[in-house]
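Asker: Sharing a structure with you now.
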Amino acid sequence: MPNIDLILGADHGRRRSVRTEPTQRRSSQRLDALLDAAAEIVDELGFERLTTQMVAERAGASIGTVYRYFPDRVAVLHALRERSVRRFRERLAEAVDGAELAAWWEVIDLALDVCTELYRDEPGFAVVYAAPREASELDGEPEIAHRVARLLEHDFGVIDDAEVRLRLGIALEIGATLIHRAFVRDADGDARYLDEAHRVVRDYLGRHLADQLAAAPAA
């Protein structure tokens, strides 16, 4: 069985966008309600027009409640992105756990499928790829690339090294960009772009990681 803990493990050095971390269930529910409201606004109006006042009004909360958790609209967007990324990892772990994977590529395929599913049923998920990110968030390989690399090493013998993580990070960024473009073009996702996301990512990894992937079991 795949080691899904490699996907779900704790984030070391995770950026904390929330000013006050909730410690009680009621506070967690209040924070989720604010982020749910932000997600609805992002889907309706775009992240550029989001304001803290809009979040307060949509959530039926006071502006003071919003500022208790978020110093500004940028922090709201960062927190919404963090929640969406966490839900992506949870969904991917669930998909991996429920699948009989015979080859390394099927893990990548599942990651792209999960990304597509979340565009369809996770409000505000587009903020993960559409909203601008700080330079610090762009440094190094994406966290998900590290997690996928460790899973590929654990289950398929693909050596987890800097080159593998770099190429996985680039490949997943390419795939995510094409998926995002698919939903910009069509609310249901342009099938041509979704298909190309899978083809381009597989071609890219097959070309740049041929030696490392040759040692992995074939499908």
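In the structure tokens, the first chain shown is A, the next is B, and so on; residue numbers restart at 1 for each chain, and ligands run from 1 in the order shown.
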When you look at segment 171-177 of chain A with a cut-off of 9 Å (counting only C-alpha atoms), what residues show up, excluding the ones that are within fewer than 3 positions of it in the same chain? I need them as a VMD selection string.
Answerer: chain A and resid 108 111 to 112 115 to 116 129 142 144 to 145 166 to 168 180 to 182 194 196 to 198 200 to 202 204 to 205
Asker: From the set A:His208, A:Asp109, A:Ala103, A:Leu80, which residue has the shortest atom-to-atom contact distance to Gly157 of chain A, counting only C-alpha atoms?
Answerer: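 Result for the nearest residue to Gly157 of chain A: A:Ala103.
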Asker: Tell me, which residues of segment 27-151 of chain A carry DSSP alpha helix (DSSP H), written as a PyMOL selection string?
Answerer: chain A and resi 27-45+52-59+63-69+73-97+104-121+127-130+135-138+143-151
Asker: Using only C-alpha atoms, which of A:Leu209, A:Leu118, A:Leu178, A:Leu8 sits nearest Ile159 of chain A?
Answerer: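 Of the candidates, the smallest distance to Ile159 of chain A is held by A:Leu209.
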Asker: Excluding segment 53-58 of chain A and residues on its chain fewer than 2 positions from it, collect all residues at most 10 Å away from it, counting only C-alpha atoms, and give them as a list in words.
Answerer: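 Surrounding residues, per the criterion: Ala33, Leu34, Leu35, Asp36, Ala37, Ala38, Ala39, Glu40, Ile41, Arg49, Leu50, Thr51, Gly60, Ala61, Ser62, Ile63, Gly64, Thr65, Val66, Tyr67, Arg73 and Val76 of chain A.
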